[in-house]
Structures are given as C-alpha cells and as structure tokens.
file target_7.txt (compact mmCIF, N, CA and C atoms)
# COMPACT_ATOMS: atom_id res chain seq x y z
N MET A 1 243.60 310.13 126.89
CA MET A 1 242.85 309.34 127.84
C MET A 1 242.14 308.22 127.09
N SER A 2 242.24 307.00 127.62
CA SER A 2 241.65 305.86 126.95
C SER A 2 240.16 305.74 127.25
N GLU A 3 239.48 305.08 126.33
CA GLU A 3 238.04 304.87 126.43
C GLU A 3 237.80 303.37 126.45
N ALA A 4 237.18 302.86 127.52
CA ALA A 4 236.90 301.44 127.65
C ALA A 4 235.41 301.21 127.45
N VAL A 5 235.06 300.31 126.55
CA VAL A 5 233.67 299.95 126.30
C VAL A 5 233.57 298.44 126.14
N ALA A 6 232.38 297.94 126.40
CA ALA A 6 232.10 296.51 126.21
C ALA A 6 230.62 296.37 125.89
N ASP A 7 230.31 295.34 125.11
CA ASP A 7 228.93 295.04 124.78
C ASP A 7 228.86 293.55 124.46
N SER A 8 227.66 293.00 124.53
CA SER A 8 227.47 291.57 124.27
C SER A 8 226.35 291.35 123.28
N SER A 9 226.39 290.17 122.66
CA SER A 9 225.36 289.79 121.71
C SER A 9 225.16 288.27 121.80
N LEU A 10 223.93 287.83 121.63
CA LEU A 10 223.62 286.41 121.61
C LEU A 10 223.62 285.93 120.17
N LEU A 11 224.45 284.94 119.86
CA LEU A 11 224.54 284.38 118.52
C LEU A 11 223.97 282.97 118.52
N CYS A 12 223.21 282.66 117.51
CA CYS A 12 222.60 281.33 117.38
C CYS A 12 223.60 280.39 116.71
N ALA A 13 224.66 280.09 117.44
CA ALA A 13 225.71 279.18 116.96
C ALA A 13 226.55 278.75 118.16
N ALA A 14 227.16 277.61 118.04
CA ALA A 14 228.03 277.09 119.10
C ALA A 14 229.29 277.94 119.22
N PRO A 15 229.90 277.97 120.41
CA PRO A 15 231.15 278.73 120.57
C PRO A 15 232.22 278.34 119.55
N SER A 16 232.31 277.08 119.18
CA SER A 16 233.33 276.66 118.21
C SER A 16 233.09 277.30 116.85
N ALA A 17 231.82 277.45 116.44
CA ALA A 17 231.51 278.09 115.16
C ALA A 17 231.86 279.58 115.20
N VAL A 18 231.62 280.23 116.34
CA VAL A 18 231.98 281.64 116.50
C VAL A 18 233.49 281.79 116.47
N MET A 19 234.18 280.92 117.19
CA MET A 19 235.65 280.98 117.23
C MET A 19 236.23 280.78 115.84
N ASP A 20 235.64 279.89 115.04
CA ASP A 20 236.12 279.66 113.68
C ASP A 20 236.12 280.95 112.86
N VAL A 21 235.15 281.83 113.09
CA VAL A 21 235.07 283.09 112.36
C VAL A 21 236.05 284.11 112.92
N ILE A 22 236.11 284.28 114.24
CA ILE A 22 236.96 285.35 114.79
C ILE A 22 238.45 285.08 114.63
N VAL A 23 238.85 283.82 114.52
CA VAL A 23 240.28 283.55 114.36
C VAL A 23 240.77 283.78 112.93
N GLU A 24 239.84 283.91 111.98
CA GLU A 24 240.23 284.20 110.59
C GLU A 24 240.38 285.70 110.41
N VAL A 25 241.34 286.26 111.11
CA VAL A 25 241.56 287.71 111.15
C VAL A 25 241.71 288.30 109.75
N GLY A 26 242.36 287.61 108.86
CA GLY A 26 242.55 288.12 107.50
C GLY A 26 241.25 288.32 106.73
N ARG A 27 240.16 287.70 107.19
CA ARG A 27 238.86 287.84 106.52
C ARG A 27 237.96 288.87 107.20
N ASP A 28 238.47 289.57 108.22
CA ASP A 28 237.67 290.56 108.94
C ASP A 28 236.99 291.60 108.03
N PRO A 29 237.65 292.09 106.98
CA PRO A 29 236.98 293.09 106.12
C PRO A 29 235.70 292.57 105.48
N GLU A 30 235.53 291.25 105.39
CA GLU A 30 234.32 290.69 104.78
C GLU A 30 233.09 290.91 105.66
N TRP A 31 233.28 291.08 106.98
CA TRP A 31 232.13 291.24 107.86
C TRP A 31 232.23 292.44 108.81
N GLN A 32 233.33 293.16 108.76
CA GLN A 32 233.47 294.38 109.54
C GLN A 32 233.64 295.54 108.56
N LYS A 33 232.58 296.30 108.38
CA LYS A 33 232.53 297.29 107.30
C LYS A 33 233.54 298.42 107.43
N ASP A 34 234.04 298.71 108.63
CA ASP A 34 234.98 299.82 108.80
C ASP A 34 236.43 299.42 108.51
N ILE A 35 236.70 298.14 108.39
CA ILE A 35 238.06 297.68 108.11
C ILE A 35 238.31 297.75 106.62
N ARG A 36 239.31 298.53 106.23
CA ARG A 36 239.64 298.72 104.81
C ARG A 36 240.64 297.69 104.31
N GLY A 37 241.44 297.15 105.23
CA GLY A 37 242.42 296.15 104.82
C GLY A 37 243.09 295.50 106.00
N VAL A 38 243.50 294.23 105.81
CA VAL A 38 244.22 293.47 106.84
C VAL A 38 245.37 292.75 106.17
N GLY A 39 246.53 292.83 106.78
CA GLY A 39 247.67 292.06 106.32
C GLY A 39 248.18 291.20 107.45
N VAL A 40 248.14 289.89 107.27
CA VAL A 40 248.65 288.97 108.29
C VAL A 40 250.17 289.02 108.24
N LEU A 41 250.79 289.38 109.35
CA LEU A 41 252.24 289.54 109.42
C LEU A 41 252.94 288.31 109.98
N GLU A 42 252.24 287.59 110.87
CA GLU A 42 252.87 286.44 111.52
C GLU A 42 251.76 285.49 111.95
N GLY A 43 251.99 284.20 111.72
CA GLY A 43 251.03 283.19 112.12
C GLY A 43 251.59 282.29 113.19
N GLU A 44 250.69 281.54 113.81
CA GLU A 44 251.09 280.52 114.77
C GLU A 44 251.09 279.19 114.04
N GLY A 45 251.67 278.17 114.64
CA GLY A 45 251.75 276.87 114.00
C GLY A 45 250.41 276.24 113.70
N ASP A 46 249.37 276.64 114.40
CA ASP A 46 248.04 276.05 114.20
C ASP A 46 247.21 276.81 113.17
N GLY A 47 247.83 277.74 112.45
CA GLY A 47 247.13 278.49 111.43
C GLY A 47 246.48 279.77 111.92
N ARG A 48 246.52 280.01 113.21
CA ARG A 48 245.95 281.24 113.76
C ARG A 48 246.93 282.40 113.58
N VAL A 49 246.38 283.59 113.54
CA VAL A 49 247.18 284.80 113.35
C VAL A 49 247.81 285.21 114.69
N ALA A 50 249.09 285.53 114.66
CA ALA A 50 249.78 286.04 115.85
C ALA A 50 249.88 287.57 115.80
N ARG A 51 250.11 288.12 114.59
CA ARG A 51 250.18 289.58 114.40
C ARG A 51 249.56 289.93 113.06
N ALA A 52 248.88 291.08 113.04
CA ALA A 52 248.27 291.55 111.80
C ALA A 52 248.27 293.07 111.77
N ARG A 53 248.36 293.60 110.56
CA ARG A 53 248.33 295.06 110.34
C ARG A 53 246.98 295.42 109.73
N PHE A 54 246.36 296.48 110.26
CA PHE A 54 245.04 296.92 109.83
C PHE A 54 245.06 298.34 109.33
N VAL A 55 244.17 298.63 108.38
CA VAL A 55 243.82 300.00 108.00
C VAL A 55 242.32 300.08 108.20
N VAL A 56 241.89 301.03 109.06
CA VAL A 56 240.51 301.10 109.50
C VAL A 56 239.99 302.53 109.42
N ASP A 57 238.74 302.66 108.98
CA ASP A 57 238.04 303.93 109.06
C ASP A 57 237.50 304.04 110.49
N ALA A 58 238.17 304.80 111.32
CA ALA A 58 237.81 304.92 112.74
C ALA A 58 236.83 306.06 112.98
N ARG A 59 236.15 306.50 111.97
CA ARG A 59 235.16 307.57 112.00
C ARG A 59 235.80 308.93 112.22
N LEU A 60 236.68 309.06 113.18
CA LEU A 60 237.34 310.34 113.46
C LEU A 60 238.60 310.53 112.62
N PHE A 61 239.17 309.42 112.15
CA PHE A 61 240.41 309.42 111.37
C PHE A 61 240.60 308.03 110.79
N THR A 62 241.53 307.91 109.85
CA THR A 62 241.91 306.59 109.35
C THR A 62 243.06 306.10 110.20
N ALA A 63 242.90 304.90 110.75
CA ALA A 63 243.92 304.34 111.63
C ALA A 63 244.67 303.22 110.91
N ASP A 64 245.97 303.20 111.11
CA ASP A 64 246.85 302.17 110.59
C ASP A 64 247.58 301.61 111.82
N TYR A 65 247.39 300.33 112.11
CA TYR A 65 247.96 299.78 113.34
C TYR A 65 248.25 298.30 113.20
N THR A 66 249.08 297.80 114.11
CA THR A 66 249.41 296.39 114.18
C THR A 66 248.99 295.85 115.54
N LEU A 67 248.34 294.69 115.52
CA LEU A 67 247.88 294.03 116.73
C LEU A 67 248.59 292.69 116.91
N ALA A 68 248.77 292.28 118.18
CA ALA A 68 249.26 290.95 118.52
C ALA A 68 248.12 290.20 119.20
N TYR A 69 247.94 288.93 118.86
CA TYR A 69 246.82 288.12 119.33
C TYR A 69 247.25 287.02 120.27
N THR A 70 246.36 286.72 121.23
CA THR A 70 246.48 285.54 122.08
C THR A 70 245.12 284.86 122.08
N TYR A 71 245.14 283.55 122.25
CA TYR A 71 243.91 282.76 122.19
C TYR A 71 243.77 281.93 123.46
N THR A 72 242.52 281.78 123.89
CA THR A 72 242.20 280.94 125.04
C THR A 72 241.02 280.05 124.64
N GLY A 73 240.65 279.15 125.52
CA GLY A 73 239.47 278.33 125.27
C GLY A 73 238.19 279.14 125.26
N GLU A 74 238.24 280.34 125.84
CA GLU A 74 237.05 281.19 125.94
C GLU A 74 237.02 282.30 124.90
N GLY A 75 238.02 282.42 124.04
CA GLY A 75 237.98 283.48 123.05
C GLY A 75 239.35 283.91 122.56
N MET A 76 239.43 285.19 122.25
CA MET A 76 240.63 285.76 121.65
C MET A 76 240.84 287.16 122.21
N ARG A 77 242.08 287.53 122.44
CA ARG A 77 242.43 288.86 122.92
C ARG A 77 243.49 289.45 121.99
N TRP A 78 243.58 290.79 122.01
CA TRP A 78 244.62 291.45 121.23
C TRP A 78 245.12 292.67 121.98
N GLU A 79 246.33 293.07 121.58
CA GLU A 79 246.88 294.33 122.12
C GLU A 79 247.65 295.03 121.02
N LEU A 80 247.66 296.34 121.14
CA LEU A 80 248.32 297.17 120.14
C LEU A 80 249.83 296.98 120.20
N VAL A 81 250.43 296.79 119.04
CA VAL A 81 251.88 296.68 118.92
C VAL A 81 252.46 298.01 118.44
N SER A 82 251.82 298.60 117.40
CA SER A 82 252.32 299.86 116.87
C SER A 82 251.22 300.61 116.13
N SER A 83 251.32 301.96 116.19
CA SER A 83 250.42 302.84 115.47
C SER A 83 250.86 304.27 115.71
N GLU A 84 250.69 305.11 114.70
CA GLU A 84 250.94 306.53 114.88
C GLU A 84 249.67 307.25 115.36
N GLN A 85 248.51 306.66 115.10
CA GLN A 85 247.23 307.29 115.43
C GLN A 85 246.67 306.86 116.78
N LEU A 86 247.22 305.78 117.36
CA LEU A 86 246.68 305.22 118.59
C LEU A 86 247.78 304.94 119.61
N ARG A 87 247.49 305.26 120.87
CA ARG A 87 248.39 304.90 121.97
C ARG A 87 248.01 303.53 122.53
N GLN A 88 246.72 303.21 122.44
CA GLN A 88 246.23 301.94 122.97
C GLN A 88 245.05 301.48 122.13
N LEU A 89 245.00 300.19 121.87
CA LEU A 89 243.86 299.55 121.21
C LEU A 89 243.90 298.08 121.60
N ASP A 90 243.42 297.82 122.80
CA ASP A 90 243.45 296.48 123.36
C ASP A 90 242.03 295.99 123.55
N GLY A 91 241.83 294.69 123.46
CA GLY A 91 240.49 294.17 123.64
C GLY A 91 240.41 292.69 123.39
N GLY A 92 239.18 292.25 123.15
CA GLY A 92 239.00 290.84 122.88
C GLY A 92 237.55 290.43 122.77
N TYR A 93 237.39 289.19 122.32
CA TYR A 93 236.09 288.54 122.26
C TYR A 93 236.09 287.45 123.33
N LEU A 94 235.09 287.45 124.19
CA LEU A 94 234.91 286.41 125.19
C LEU A 94 233.65 285.64 124.81
N LEU A 95 233.77 284.33 124.67
CA LEU A 95 232.66 283.49 124.25
C LEU A 95 232.17 282.65 125.43
N ALA A 96 230.85 282.61 125.61
CA ALA A 96 230.27 281.81 126.69
C ALA A 96 229.07 281.04 126.14
N PRO A 97 229.03 279.71 126.35
CA PRO A 97 227.87 278.94 125.92
C PRO A 97 226.60 279.50 126.57
N ALA A 98 225.53 279.60 125.77
CA ALA A 98 224.29 280.18 126.28
C ALA A 98 223.14 279.18 126.24
N GLY A 99 223.42 277.91 126.04
CA GLY A 99 222.38 276.89 125.98
C GLY A 99 221.76 276.79 124.60
N ASP A 100 221.19 275.64 124.31
CA ASP A 100 220.54 275.38 123.02
C ASP A 100 221.46 275.68 121.84
N GLY A 101 222.75 275.48 122.00
CA GLY A 101 223.71 275.68 120.91
C GLY A 101 224.03 277.13 120.61
N ALA A 102 223.61 278.05 121.48
CA ALA A 102 223.88 279.48 121.28
C ALA A 102 225.12 279.91 122.06
N THR A 103 225.61 281.11 121.74
CA THR A 103 226.81 281.66 122.39
C THR A 103 226.59 283.13 122.69
N THR A 104 226.95 283.53 123.90
CA THR A 104 226.99 284.95 124.21
C THR A 104 228.41 285.42 123.94
N VAL A 105 228.53 286.43 123.08
CA VAL A 105 229.83 286.99 122.73
C VAL A 105 229.92 288.38 123.35
N THR A 106 230.97 288.58 124.15
CA THR A 106 231.24 289.90 124.72
C THR A 106 232.48 290.45 124.05
N TYR A 107 232.38 291.67 123.55
CA TYR A 107 233.49 292.37 122.90
C TYR A 107 233.92 293.48 123.85
N GLU A 108 235.17 293.45 124.24
CA GLU A 108 235.75 294.49 125.10
C GLU A 108 236.77 295.27 124.29
N LEU A 109 236.80 296.58 124.48
CA LEU A 109 237.74 297.42 123.73
C LEU A 109 238.20 298.58 124.60
N ILE A 110 239.50 298.81 124.60
CA ILE A 110 240.09 300.00 125.23
C ILE A 110 240.86 300.72 124.13
N ALA A 111 240.44 301.95 123.84
CA ALA A 111 241.05 302.71 122.74
C ALA A 111 241.51 304.07 123.25
N ASP A 112 242.66 304.49 122.76
CA ASP A 112 243.20 305.80 123.13
C ASP A 112 243.90 306.38 121.90
N PRO A 113 243.25 307.33 121.20
CA PRO A 113 243.87 307.94 120.03
C PRO A 113 244.95 308.95 120.43
N THR A 114 245.90 309.16 119.55
CA THR A 114 246.96 310.14 119.82
C THR A 114 246.47 311.56 119.57
N ILE A 115 245.43 311.71 118.75
CA ILE A 115 244.90 313.05 118.49
C ILE A 115 243.94 313.45 119.61
N SER A 116 243.80 314.73 119.82
CA SER A 116 242.90 315.24 120.84
C SER A 116 241.46 315.17 120.32
N VAL A 117 240.63 314.40 121.03
CA VAL A 117 239.24 314.21 120.65
C VAL A 117 238.40 314.35 121.92
N PRO A 118 237.31 315.12 121.88
CA PRO A 118 236.45 315.22 123.05
C PRO A 118 236.00 313.84 123.54
N ARG A 119 235.88 313.68 124.84
CA ARG A 119 235.56 312.38 125.44
C ARG A 119 234.29 311.78 124.86
N PHE A 120 233.23 312.56 124.71
CA PHE A 120 231.98 312.00 124.20
C PHE A 120 232.15 311.45 122.78
N MET A 121 233.01 312.07 121.99
CA MET A 121 233.25 311.58 120.62
C MET A 121 234.08 310.30 120.64
N ARG A 122 235.07 310.24 121.55
CA ARG A 122 235.88 309.02 121.69
C ARG A 122 234.98 307.86 122.09
N ARG A 123 234.10 308.12 123.06
CA ARG A 123 233.21 307.07 123.55
C ARG A 123 232.25 306.59 122.45
N ARG A 124 231.66 307.54 121.73
CA ARG A 124 230.75 307.17 120.64
C ARG A 124 231.47 306.37 119.56
N ALA A 125 232.69 306.76 119.24
CA ALA A 125 233.45 306.03 118.22
C ALA A 125 233.76 304.61 118.70
N ALA A 126 234.18 304.47 119.96
CA ALA A 126 234.48 303.14 120.51
C ALA A 126 233.22 302.28 120.56
N GLU A 127 232.10 302.86 120.97
CA GLU A 127 230.84 302.12 121.01
C GLU A 127 230.43 301.68 119.60
N HIS A 128 230.63 302.54 118.62
CA HIS A 128 230.31 302.19 117.23
C HIS A 128 231.15 301.01 116.76
N ILE A 129 232.43 301.03 117.06
CA ILE A 129 233.33 299.95 116.65
C ILE A 129 232.85 298.62 117.24
N VAL A 130 232.55 298.63 118.53
CA VAL A 130 232.12 297.41 119.22
C VAL A 130 230.78 296.91 118.67
N ARG A 131 229.79 297.78 118.57
CA ARG A 131 228.46 297.36 118.11
C ARG A 131 228.51 296.90 116.67
N SER A 132 229.25 297.61 115.82
CA SER A 132 229.36 297.24 114.41
C SER A 132 230.02 295.86 114.27
N ALA A 133 231.07 295.61 115.04
CA ALA A 133 231.75 294.31 114.99
C ALA A 133 230.82 293.19 115.46
N LEU A 134 230.10 293.41 116.55
CA LEU A 134 229.19 292.37 117.04
C LEU A 134 228.07 292.09 116.04
N ASP A 135 227.52 293.14 115.45
CA ASP A 135 226.46 292.95 114.45
C ASP A 135 226.98 292.20 113.23
N GLY A 136 228.18 292.58 112.75
CA GLY A 136 228.77 291.90 111.61
C GLY A 136 229.10 290.45 111.92
N LEU A 137 229.62 290.20 113.12
CA LEU A 137 229.95 288.83 113.54
C LEU A 137 228.68 287.98 113.59
N LYS A 138 227.63 288.53 114.15
CA LYS A 138 226.35 287.80 114.24
C LYS A 138 225.86 287.41 112.84
N GLN A 139 225.87 288.37 111.94
CA GLN A 139 225.42 288.08 110.57
C GLN A 139 226.29 287.01 109.92
N ARG A 140 227.60 287.13 110.07
CA ARG A 140 228.53 286.20 109.44
C ARG A 140 228.36 284.80 109.99
N VAL A 141 228.33 284.68 111.32
CA VAL A 141 228.25 283.36 111.95
C VAL A 141 226.91 282.71 111.65
N GLU A 142 225.82 283.46 111.78
CA GLU A 142 224.50 282.86 111.61
C GLU A 142 224.20 282.54 110.15
N ALA A 143 224.89 283.19 109.22
CA ALA A 143 224.75 282.88 107.80
C ALA A 143 225.54 281.62 107.43
N GLY A 144 226.49 281.24 108.31
CA GLY A 144 227.27 280.04 108.08
C GLY A 144 228.33 280.16 107.02
N THR A 145 228.80 281.42 106.77
CA THR A 145 229.83 281.58 105.74
C THR A 145 231.19 281.81 106.34

call {"tool": "encode", "arguments": {"input": "target_7.txt", "output": "structure tokens"}}
result
Amino acid sequence: MSEAVADSSLLCAAPSAVMDVIVEVGRDPEWQKDIRGVGVLEGEGDGRVARARFVVDARLFTADYTLAYTYTGEGMRWELVSSEQLRQLDGGYLLAPAGDGATTVTYELIADPTISVPRFMRRRAAEHIVRSALDGLKQRVEAGT
C-alpha cells in the first residue's frame, strides 16, 4: 500500500534560484543527507537530468532505484522507473512565488515499498524524507551555493 505525503516550506529566494538547485539532481547528496549516491543516466538537451539512479538510506532499508524526470515552469516531477525495494516512488517539487522574492516549495511524495512495513512506519519514513529534503533545500538555496 502506498503512502502519500506532502509538505511545504517558505524559502527566501526567487523560484528561479530554487529551480537552479533542484534541477542539479547529481548534486542532491550535497544537501540531502539520506542520499548515498546519484548517477545521472540520461540528460536532456538543456542540461537537465532525464533519468538518474539513486542509492538512499530510506531508514527502513537501503533503496536502489531509478527515476525519470519531467520539468514545468512551476517545478519538477519524477516517477519510479525501476527498483527491487519499491513499487512506487513518485513525486515532485512545486514552486510558487510568495512575494518579496520568496518562494513556497511544496514537496509531494507517494512511496510504496515492496517489503511489508506497518502503515505508521511507512508514513513516518515518507514524512522524514519530505521534511529532510525541504530543510536541506532551504539551507542550500538560502546559502547561495
């Protein structure tokens, strides 16, 4: 059974500055502490990642998976391409201008592990992933690196 979670954070940066960070998928381990490694498998002509392979400490297990990305003017979405540990891992970042050069970032995630995990543990793990990513993104973007 899949677990859907979403959370938002206000970042003191323009949407374009936030987008500049989230599209650099290969640098995710620098600001997302649970990601152990990323390999860019396929790029788009504009330098953005189309597919990438991840190794992640998912708290309940180590996950190895491949994601496919799509981009819009409002953010970035991904969907699971392959994994032995996950049936589903789809989500995205939605960026909305918040005035005064700030951006509200909403992270949506739907996760479904192949192993049997009690619902409350699946939900806590998904919430941790979302909150950790938003906190790391905020630090990265606001530091300007």

call {"tool": "select_by_dssp", "arguments": {"input": "target_7.txt", "residues": "region 10-126 of chain A", "states": "strand (DSSP E)", "output": "ChimeraX atom specification"}}
result
/A:10-11,35-43,49-57,62-72,75-83,86-99,102-113

call {"tool": "atom_distance", "arguments": {"input": "target_7.txt", "atom1": "atom C of Glu42 (chain A)", "atom2": "atom C of Ser83 (chain A)"}}
result
19.2 Å

call {"tool": "closest_residue", "arguments": {"input": "target_7.txt", "among": "A:Leu10, A:Ala58, A:Arg140, A:Pro97", "to": "Ala125 (chain A)", "atoms": "only N, CA and C atoms"}}
result
A:Ala58

call {"tool": "closest_residue", "arguments": {"input": "target_7.txt", "among": "A:Val40, A:Met121, A:Leu137, A:Ile35", "to": "Thr104 (chain A)", "atoms": "only C-alpha atoms"}}
result
A:Leu137

call {"tool": "atom_distance", "arguments": {"input": "target_7.txt", "atom1": "atom C of Ile110 (chain A)", "atom2": "atom C of Glu3 (chain A)"}}
result
4.7 Å

call {"tool": "atom_distance", "arguments": {"input": "target_7.txt", "atom1": "atom N of Ala68 (chain A)", "atom2": "atom C of Thr114 (chain A)"}}
result
19.5 Å

call {"tool": "closest_atom_pairs", "arguments": {"input": "target_7.txt", "of": "region 34-126 of chain A", "to": "region 14-25 of chain A", "cutoff": "8 Å", "atoms": "all atoms listed in the file", "output": "Markdown table"}}
result
| residue | atom | partner | partner_atom | distance |
| --- | --- | --- | --- | --- |
| A:Val38 | CA | A:Val25 | C | 6.4 |
| A:Gly39 | N | A:Val25 | C | 7.3 |
| A:Val40 | N | A:Val25 | C | 7.1 |
| A:Gly47 | C | A:Val23 | C | 7.1 |
| A:Arg48 | CA | A:Val23 | C | 5.8 |
| A:Val49 | N | A:Val23 | C | 5.6 |
| A:Ala52 | CA | A:Val25 | C | 7.6 |
| A:Glu74 | C | A:Met19 | CA | 7.9 |
| A:Gly75 | CA | A:Met19 | CA | 6.7 |
| A:Met76 | CA | A:Ile22 | C | 7.4 |
| A:Leu95 | CA | A:Pro15 | CA | 6.2 |
| A:Ala96 | N | A:Pro15 | CA | 6.4 |
| A:Pro97 | CA | A:Pro15 | N | 6.0 |
| A:Ala98 | N | A:Pro15 | N | 7.1 |
| A:Asp100 | C | A:Ala14 | N | 7.1 |
| A:Gly101 | C | A:Ala14 | N | 4.1 |
| A:Ala102 | N | A:Ala14 | N | 5.0 |
| A:Thr103 | CA | A:Pro15 | N | 5.2 |
| A:Thr104 | N | A:Pro15 | CA | 7.2 |

call {"tool": "residues_around", "arguments": {"input": "target_7.txt", "residues": "region 128-134 of chain A", "least_positions_apart": "2", "cutoff": "7 Å", "atoms": "all atoms listed in the file", "output": "list in words"}}
result
Ala6, Asp7, Ser8, Ser9, Trp31, Gln32, Lys33, Tyr107, Arg123, Arg124, Ala125, Ala126, Gly136, Leu137, Lys138 and Gln139 of chain A

call {"tool": "residues_around", "arguments": {"input": "target_7.txt", "residues": "Thr62 (chain A)", "least_positions_apart": "3", "cutoff": "12 Å", "atoms": "only C-alpha atoms", "output": "PyMOL selection string"}}
result
chain A and resi 34-37+54-59+65+83-86+113+115

call {"tool": "select_by_dssp", "arguments": {"input": "target_7.txt", "residues": "chain A", "states": "alpha helix (DSSP H)", "output": "short mmCIF file (atom, residue, chain, number, x, y, z; two decimals) with N, CA and C atoms, in the frame of the given file"}}
result
data_model
loop_
_atom_site.label_atom_id
_atom_site.label_comp_id
_atom_site.auth_asym_id
_atom_site.auth_seq_id
_atom_site.Cartn_x
_atom_site.Cartn_y
_atom_site.Cartn_z
N PRO A 15 229.90 277.97 120.41
CA PRO A 15 231.15 278.73 120.57
C PRO A 15 232.22 278.34 119.55
N SER A 16 232.31 277.08 119.18
CA SER A 16 233.33 276.66 118.21
C SER A 16 233.09 277.30 116.85
N ALA A 17 231.82 277.45 116.44
CA ALA A 17 231.51 278.09 115.16
C ALA A 17 231.86 279.58 115.20
N VAL A 18 231.62 280.23 116.34
CA VAL A 18 231.98 281.64 116.50
C VAL A 18 233.49 281.79 116.47
N MET A 19 234.18 280.92 117.19
CA MET A 19 235.65 280.98 117.23
C MET A 19 236.23 280.78 115.84
N ASP A 20 235.64 279.89 115.04
CA ASP A 20 236.12 279.66 113.68
C ASP A 20 236.12 280.95 112.86
N VAL A 21 235.15 281.83 113.09
CA VAL A 21 235.07 283.09 112.36
C VAL A 21 236.05 284.11 112.92
N ILE A 22 236.11 284.28 114.24
CA ILE A 22 236.96 285.35 114.79
C ILE A 22 238.45 285.08 114.63
N ARG A 119 235.88 313.68 124.84
CA ARG A 119 235.56 312.38 125.44
C ARG A 119 234.29 311.78 124.86
N PHE A 120 233.23 312.56 124.71
CA PHE A 120 231.98 312.00 124.20
C PHE A 120 232.15 311.45 122.78
N MET A 121 233.01 312.07 121.99
CA MET A 121 233.25 311.58 120.62
C MET A 121 234.08 310.30 120.64
N ARG A 122 235.07 310.24 121.55
CA ARG A 122 235.88 309.02 121.69
C ARG A 122 234.98 307.86 122.09
N ARG A 123 234.10 308.12 123.06
CA ARG A 123 233.21 307.07 123.55
C ARG A 123 232.25 306.59 122.45
N ARG A 124 231.66 307.54 121.73
CA ARG A 124 230.75 307.17 120.64
C ARG A 124 231.47 306.37 119.56
N ALA A 125 232.69 306.76 119.24
CA ALA A 125 233.45 306.03 118.22
C ALA A 125 233.76 304.61 118.70
N ALA A 126 234.18 304.47 119.96
CA ALA A 126 234.48 303.14 120.51
C ALA A 126 233.22 302.28 120.56
N GLU A 127 232.10 302.86 120.97
CA GLU A 127 230.84 302.12 121.01
C GLU A 127 230.43 301.68 119.60
N HIS A 128 230.63 302.54 118.62
CA HIS A 128 230.31 302.19 117.23
C HIS A 128 231.15 301.01 116.76
N ILE A 129 232.43 301.03 117.06
CA ILE A 129 233.33 299.95 116.65
C ILE A 129 232.85 298.62 117.24
N VAL A 130 232.55 298.63 118.53
CA VAL A 130 232.12 297.41 119.22
C VAL A 130 230.78 296.91 118.67
N ARG A 131 229.79 297.78 118.57
CA ARG A 131 228.46 297.36 118.11
C ARG A 131 228.51 296.90 116.67
N SER A 132 229.25 297.61 115.82
CA SER A 132 229.36 297.24 114.41
C SER A 132 230.02 295.86 114.27
N ALA A 133 231.07 295.61 115.04
CA ALA A 133 231.75 294.31 114.99
C ALA A 133 230.82 293.19 115.46
N LEU A 134 230.10 293.41 116.55
CA LEU A 134 229.19 292.37 117.04
C LEU A 134 228.07 292.09 116.04
N ASP A 135 227.52 293.14 115.45
CA ASP A 135 226.46 292.95 114.45
C ASP A 135 226.98 292.20 113.23
N GLY A 136 228.18 292.58 112.75
CA GLY A 136 228.77 291.90 111.61
C GLY A 136 229.10 290.45 111.92
N LEU A 137 229.62 290.20 113.12
CA LEU A 137 229.95 288.83 113.54
C LEU A 137 228.68 287.98 113.59
N LYS A 138 227.63 288.53 114.15
CA LYS A 138 226.35 287.80 114.24
C LYS A 138 225.86 287.41 112.84
N GLN A 139 225.87 288.37 111.94
CA GLN A 139 225.42 288.08 110.57
C GLN A 139 226.29 287.01 109.92
N ARG A 140 227.60 287.13 110.07
CA ARG A 140 228.53 286.20 109.44
C ARG A 140 228.36 284.80 109.99
N VAL A 141 228.33 284.68 111.32
CA VAL A 141 228.25 283.36 111.95
C VAL A 141 226.91 282.71 111.65
N GLU A 142 225.82 283.46 111.78
CA GLU A 142 224.50 282.86 111.61
C GLU A 142 224.20 282.54 110.15
N ALA A 143 224.89 283.19 109.22
CA ALA A 143 224.75 282.88 107.80
C ALA A 143 225.54 281.62 107.43
#
